[in-house]
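Let me begin by presenting the structure, written as structure tokens, before commenting on it.
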Amino acid sequence: MKQKVLVIAGPTASGKSELALRLAEQLNGEIICADSLTVYRRLAIGSAKPTTEQQQRIRHHLLDIREPDQPFTASDFRLAAAEAINDCIRRGKRPVLAGGTGLYLRSLLRGLNDAPGEDPALRAKLAERAKREGGELLLAELAQVDPDTARRLHPNNLIRIIRALEVFQCSGIPLSQFHAEHRFSDTPYDALQFCLDLPRKELYRRIDDRVDTMLANGLVAEVELLLQSGVTPVCKPLQAIGYKEVISHLRGEFDQEEMIRLIKRNTRHFAKRQLTWFRSESELQWVAYPQNSATIESAAATFFA
RNA sequence: GGCGACGUAGCCAAGUGGUAAGGCAGAGGUCUGCAAAACCUUCACCAUCGGUUCAAAUCCGAUCGUCGCCU
């Protein structure tokens, strides 16, 4: 019998955390955050991490498990989340996954292929070459060893070209072969999945409000503190929306007003990308939120009964 | 009332006779170990009417509108 998990997905600022909290309280559950930013310690305001009070109400897993300069990947998430689910179930708690990082959710619920993991040194070397020689050349090189992957990649898409090259150089097997063998066909969990659906205008309004709140809560001070304590501005989480703009502002690249404008705009773009991702997830049930949240509540109760 | 300048997409804006650059916003999409990242696609008959011309956003006239100056 597969383990049962409830999944609350949705774009940023849609109200996932709040709903997940309520569901966890109703169902005797605990929350597992599927979020690539809140795993980092010391990023609280800009990552919209659940507050201390919220964490006191319900236990949250996978928060604050890395330092800002430590790597964390979809694979790490999959392992950590699986462990957290086990932990919940062992103690008679219902696992409620809440988050907006589509790839994390997918790799947990449908598995990940067996391709080798990241090789930072090789990546750095390839990135250096890409900068010098250009994407076309690397893509041509990839076409020699993995034509299927090369065909679907744009020469500007360096990150993917580099990953495909990395996989081949580390394993001697083309990435496309790993994909063909895997096809996201694992189904390790019995998952009831919802995606919160808000009218676009309403979502954008909520994003604007949330950014204003972050600033009022001291986002700039949070970033200053991180930088003062020696966290490098180029580490991954500080390249995230909300952090990178504050850093640029602190460097004098633009004023506060422009910074706020950019954070709001970039967050809207991000939400749009999340929606595109979630639209292609066939298992997700879209629910008008908050109007139909009762539908989720009753379906979840039945699911776990 | 007179004189002058201007009127190109939601916004900024290039183009001064040969069939509408670019940026931003918006929309759509890709995504299998960096994913709040990275990448791609898409969006105009040029204020209106008339004229000149093989050909007009580009020249001429009128109208409307905006801005500035003058009375």
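Residues in the structure tokens are named by chain (A, B, ... in the order shown) and by number from 1 within that chain; ligands are numbered from 1 in the order shown.
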
Worksheet item: Using only C-alpha atoms (C1' of nucleotides), which residues sit within 7 Å of segment 109-119 of chain A once same-chain residues fewer than 4 positions away are excluded, as a count of residues only?
Response: 16

Write out as a short mmCIF file (atom, residue, chain, number, x, y, z; two decimals) with N, CA and C atoms (P, O5', C5', C4', C3', O3' and C1' of nucleotides), in the first residue's frame the residues lying within 8 Å of segment 68-75 of chain A, counting only C-alpha atoms (C1' of nucleotides) and excluding same-chain residues fewer than 4 positions away.
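The result, stored in selection.cif:
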data_model
loop_
_atom_site.label_atom_id
_atom_site.label_comp_id
_atom_site.auth_asym_id
_atom_site.auth_seq_id
_atom_site.Cartn_x
_atom_site.Cartn_y
_atom_site.Cartn_z
N SER A 36 12.22 25.68 -2.97
CA SER A 36 13.67 25.70 -3.14
C SER A 36 14.36 26.82 -2.36
N TYR A 40 16.69 27.25 3.02
CA TYR A 40 17.88 27.95 3.50
C TYR A 40 17.65 28.70 4.80
N ARG A 41 18.58 28.51 5.72
CA ARG A 41 18.54 29.25 6.97
C ARG A 41 18.82 30.73 6.70
N ARG A 42 18.30 31.57 7.54
CA ARG A 42 18.57 33.02 7.51
C ARG A 42 17.91 33.75 6.35
N LEU A 43 17.21 33.03 5.49
CA LEU A 43 16.40 33.72 4.49
C LEU A 43 14.97 33.54 4.95
N LEU A 79 15.01 13.10 -1.63
CA LEU A 79 15.44 12.26 -0.52
C LEU A 79 14.94 12.80 0.82
N LEU A 103 9.44 21.43 -10.11
CA LEU A 103 10.38 20.34 -10.34
C LEU A 103 10.57 19.48 -9.08
N TYR A 104 10.58 20.10 -7.93
CA TYR A 104 10.74 19.36 -6.68
C TYR A 104 9.55 18.42 -6.49
N SER A 107 9.72 15.56 -9.01
CA SER A 107 10.75 14.54 -8.77
C SER A 107 10.40 13.69 -7.56
N LEU A 112 13.01 10.37 -10.29
CA LEU A 112 14.05 11.09 -11.00
C LEU A 112 14.89 10.02 -11.71
N VAL A 231 27.90 36.10 3.85
CA VAL A 231 27.29 35.30 2.79
C VAL A 231 27.58 35.97 1.46
N THR A 232 28.05 35.19 0.52
CA THR A 232 28.42 35.79 -0.76
C THR A 232 27.18 36.12 -1.60
N CYS A 235 25.81 33.55 -4.17
CA CYS A 235 25.31 32.22 -3.86
C CYS A 235 23.87 32.09 -4.35
N LYS A 236 23.48 30.87 -4.60
CA LYS A 236 22.22 30.63 -5.29
C LYS A 236 21.00 31.32 -4.69
N PRO A 237 20.74 31.16 -3.41
CA PRO A 237 19.51 31.77 -2.89
C PRO A 237 19.51 33.30 -2.96
N LEU A 238 20.67 33.91 -2.96
CA LEU A 238 20.69 35.37 -3.06
C LEU A 238 20.53 35.84 -4.51
P G B 33 18.22 16.96 -14.47
"O5'" G B 33 18.71 17.28 -13.00
"C5'" G B 33 18.20 18.44 -12.30
"C4'" G B 33 19.02 18.56 -11.06
"C3'" G B 33 20.51 18.65 -11.35
"O3'" G B 33 21.09 19.57 -10.47
"C1'" G B 33 20.04 16.70 -10.10
P C B 34 21.59 20.87 -11.02
"O5'" C B 34 20.67 22.01 -10.35
"C5'" C B 34 20.62 22.17 -8.94
"C4'" C B 34 20.64 23.69 -8.67
"C3'" C B 34 19.46 24.38 -9.35
"O3'" C B 34 18.81 25.30 -8.49
"C1'" C B 34 21.55 25.29 -10.09
#

With 12 Å as the cut-off and only C-alpha atoms (C1' of nucleotides) counted, what is the closest atom pair between each nearby residue of chain B and chain A? Distances in Å to one decimal, ordered by chain and number, as a Markdown table.
| residue | atom | partner | partner_atom | distance |
| --- | --- | --- | --- | --- |
| B:C24 | C1' | A:Arg265 | CA | 10.9 |
| B:A25 | C1' | A:Arg265 | CA | 9.2 |
| B:G26 | C1' | A:His269 | CA | 10.6 |
| B:A27 | C1' | A:Lys272 | CA | 10.0 |
| B:G28 | C1' | A:Thr276 | CA | 8.8 |
| B:G29 | C1' | A:Thr276 | CA | 7.5 |
| B:U30 | C1' | A:Leu153 | CA | 9.2 |
| B:C31 | C1' | A:Trp277 | CA | 8.3 |
| B:U32 | C1' | A:Leu112 | CA | 5.9 |
| B:G33 | C1' | A:Gly117 | CA | 5.0 |
| B:C34 | C1' | A:Lys236 | CA | 7.2 |
| B:A35 | C1' | A:Leu103 | CA | 6.6 |
| B:A36 | C1' | A:Ala240 | CA | 4.9 |
| B:A37 | C1' | A:Ala240 | CA | 7.7 |
| B:A38 | C1' | A:Ile159 | CA | 6.0 |
| B:C39 | C1' | A:Asn157 | CA | 5.0 |
| B:C40 | C1' | A:His154 | CA | 7.6 |

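Running DSSP on the backbone and keeping only strand (DSSP E), the residues of segment 69-146 of chain A that qualify are Arg94, Pro95, Val96, Leu97, Ala98 and Gly99 of chain A.
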
Quick one: write out the picked residues with N, CA and C atoms as a PDB file, in the first residue's frame?
ATOM      1  N   ARG A  94      -0.450  13.000   9.151  1.00  0.00           N
ATOM      2  CA  ARG A  94      -0.696  13.038   7.711  1.00  0.00           C
ATOM      3  C   ARG A  94       0.234  14.029   7.032  1.00  0.00           C
ATOM      4  N   PRO A  95       0.951  13.586   6.017  1.00  0.00           N
ATOM      5  CA  PRO A  95       1.855  14.499   5.320  1.00  0.00           C
ATOM      6  C   PRO A  95       1.123  15.430   4.349  1.00  0.00           C
ATOM      7  N   VAL A  96       1.317  16.718   4.555  1.00  0.00           N
ATOM      8  CA  VAL A  96       0.737  17.719   3.658  1.00  0.00           C
ATOM      9  C   VAL A  96       1.893  18.446   2.976  1.00  0.00           C
ATOM     10  N   LEU A  97       2.046  18.193   1.693  1.00  0.00           N
ATOM     11  CA  LEU A  97       3.114  18.859   0.943  1.00  0.00           C
ATOM     12  C   LEU A  97       2.589  20.186   0.428  1.00  0.00           C
ATOM     13  N   ALA A  98       3.327  21.239   0.683  1.00  0.00           N
ATOM     14  CA  ALA A  98       2.890  22.541   0.200  1.00  0.00           C
ATOM     15  C   ALA A  98       4.065  23.218  -0.469  1.00  0.00           C
ATOM     16  N   GLY A  99       3.868  23.699  -1.685  1.00  0.00           N
ATOM     17  CA  GLY A  99       4.982  24.392  -2.304  1.00  0.00           C
ATOM     18  C   GLY A  99       4.755  24.740  -3.747  1.00  0.00           C
TER      19      GLY A  99
END

Discussion item. Taking 2 positions as the minimum chain separation for residues in the same chain, which residues sit within 7 Å of Ala288 of chain A when counting only C-alpha atoms (C1' of nucleotides)? Answer as a list in words.
Written reply: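 Listed by chain and then number, they are Leu196, Asp197, Leu198, Trp286, Pro290, Gln291 and Asn292 of chain A.
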
Worksheet item: Which parts of segment 121-191 of chain A does DSSP call helix (DSSP H, G or I) when run on the backbone here, written out as a VMD selection string?
Response: chain A and resid 121 to 133 135 to 145 147 to 152 158 to 171 175 to 182

Worksheet item: Restricting the calculation to only C-alpha atoms (C1' of nucleotides), which member of B:C43, B:G51, B:A57, B:C6 is positioned closest to A20 of chain B?
Response: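 The answer is B:A57, which sits nearest to A20 of chain B.
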
Item to complete: Write out as number ranges by chain which residues come within 12 Å of G61 of chain B when counting only C-alpha atoms (C1' of nucleotides), dropping same-chain ones fewer than 6 positions away.
Response: B: 49-52

Keeping only N, CA and C atoms (P, O5', C5', C4', C3', O3' and C1' of nucleotides), take the residues you just selected and write them out as a PDB file, in the first residue's frame.
ATOM      1  P     C B  49      -9.496  57.827 -42.018  1.00  0.00           P
ATOM      2  O5'   C B  49      -9.885  59.065 -42.948  1.00  0.00           O
ATOM      3  C5'   C B  49     -11.229  59.545 -42.966  1.00  0.00           C
ATOM      4  C4'   C B  49     -11.284  60.854 -43.717  1.00  0.00           C
ATOM      5  C3'   C B  49     -10.671  60.831 -45.116  1.00  0.00           C
ATOM      6  O3'   C B  49     -11.553  60.291 -46.072  1.00  0.00           O
ATOM      7  C1'   C B  49      -9.942  62.761 -43.973  1.00  0.00           C
ATOM      8  P     G B  50     -10.957  59.579 -47.366  1.00  0.00           P
ATOM      9  O5'   G B  50     -10.240  60.769 -48.152  1.00  0.00           O
ATOM     10  C5'   G B  50     -11.002  61.631 -48.991  1.00  0.00           C
ATOM     11  C4'   G B  50     -10.184  62.830 -49.403  1.00  0.00           C
ATOM     12  C3'   G B  50      -9.042  62.578 -50.374  1.00  0.00           C
ATOM     13  O3'   G B  50      -9.467  62.381 -51.709  1.00  0.00           O
ATOM     14  C1'   G B  50      -8.357  64.112 -48.725  1.00  0.00           C
ATOM     15  P     G B  51      -8.499  61.620 -52.762  1.00  0.00           P
ATOM     16  O5'   G B  51      -7.303  62.657 -52.963  1.00  0.00           O
ATOM     17  C5'   G B  51      -7.529  63.872 -53.665  1.00  0.00           C
ATOM     18  C4'   G B  51      -6.273  64.710 -53.676  1.00  0.00           C
ATOM     19  C3'   G B  51      -5.084  64.083 -54.396  1.00  0.00           C
ATOM     20  O3'   G B  51      -5.168  64.242 -55.789  1.00  0.00           O
ATOM     21  C1'   G B  51      -4.374  65.022 -52.349  1.00  0.00           C
ATOM     22  P     U B  52      -4.439  63.249 -56.773  1.00  0.00           P
ATOM     23  O5'   U B  52      -2.906  63.619 -56.523  1.00  0.00           O
ATOM     24  C5'   U B  52      -2.386  64.857 -56.988  1.00  0.00           C
ATOM     25  C4'   U B  52      -0.901  64.912 -56.721  1.00  0.00           C
ATOM     26  C3'   U B  52      -0.116  63.708 -57.230  1.00  0.00           C
ATOM     27  O3'   U B  52       0.168  63.815 -58.617  1.00  0.00           O
ATOM     28  C1'   U B  52       0.548  64.190 -55.017  1.00  0.00           C
TER      29        U B  52
END

Item to complete: Have a look at atom C1' of C60 of chain B and atom C1' of A13 of chain B and let me know their distance in Å, one decimal.
Response: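 Taking atom C1' of C60 of chain B and atom C1' of A13 of chain B, their separation equals 26.8 Å.
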
Discussion item. Taking only C-alpha atoms into account, name the residue in A:Lys244, A:Lys131, A:Lys2, A:Lys93 that is nearest to Asp190 of chain A.
Written reply: A:Lys2

Worksheet item: Which is closer to U53 of chain B than all the others in B:G65, B:G4, B:G23, B:G17, using only C-alpha atoms (C1' of nucleotides)?
Response: B:G17

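Across the model, the gap from atom CA of Ile58 of chain A to atom CA of Leu21 of chain A is 6.9 Å.
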
Discussion item. Using only C-alpha atoms (C1' of nucleotides), which protein or nucleic acid residues come within 8 Å of Gln285 of chain A? Drop anything in the same chain fewer than 6 positions from it, and give the result as a list in words.
Written reply: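 Listing them by chain and then by number gives Gln193, Phe194 and Cys195 of chain A.
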
Convert the current residue selection to file output with N, CA and C atoms, as a PDB file, in the first residue's frame.
ATOM      1  N   GLN A 193      -3.718  15.706  -5.269  1.00  0.00           N
ATOM      2  CA  GLN A 193      -3.019  16.947  -5.595  1.00  0.00           C
ATOM      3  C   GLN A 193      -3.949  18.074  -6.042  1.00  0.00           C
ATOM      4  N   PHE A 194      -3.746  19.217  -5.427  1.00  0.00           N
ATOM      5  CA  PHE A 194      -4.538  20.390  -5.795  1.00  0.00           C
ATOM      6  C   PHE A 194      -3.630  21.550  -6.186  1.00  0.00           C
ATOM      7  N   CYS A 195      -4.143  22.349  -7.075  1.00  0.00           N
ATOM      8  CA  CYS A 195      -3.436  23.578  -7.438  1.00  0.00           C
ATOM      9  C   CYS A 195      -4.396  24.739  -7.207  1.00  0.00           C
TER      10      CYS A 195
END

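Taking atom CA of Ala80 of chain A and atom CA of Leu192 of chain A as endpoints, the distance between them is 19.9 Å.
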
Worksheet item: Neighbours of C69 of chain B within 12 Å (only C-alpha atoms (C1' of nucleotides); same-chain residues fewer than 5 positions away dropped), as a count of residues only?
Response: 4

Discussion item. When you look at Met214 of chain A with a cut-off of 9 Å (counting only C-alpha atoms (C1' of nucleotides)), what residues show up, excluding the ones that are within fewer than 4 positions of it in the same chain? I need them as a PyMOL selection string.
Written reply: chain A and resi 45-46+48+209-210+218-220+242

Just write the chosen residues, C-alpha atoms, as a JSON list (two decimals), in the first residue's frame.
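Okay, this is what ended up in out_27.json:
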[["chain", "number", "residue", "atom", "x", "y", "z"],
["A", 45, "ILE", "CA", 11.39, 37.55, 4.86],
["A", 46, "GLY", "CA", 12.29, 37.33, 1.19],
["A", 48, "ALA", "CA", 8.14, 34.11, 2.57],
["A", 209, "ASP", "CA", 0.79, 43.43, -1.52],
["A", 210, "ARG", "CA", 3.13, 40.73, -0.40],
["A", 218, "GLY", "CA", 12.65, 44.55, 6.81],
["A", 219, "LEU", "CA", 13.71, 42.73, 3.67],
["A", 220, "VAL", "CA", 16.52, 45.19, 3.04],
["A", 242, "GLY", "CA", 13.62, 39.70, -3.89]]
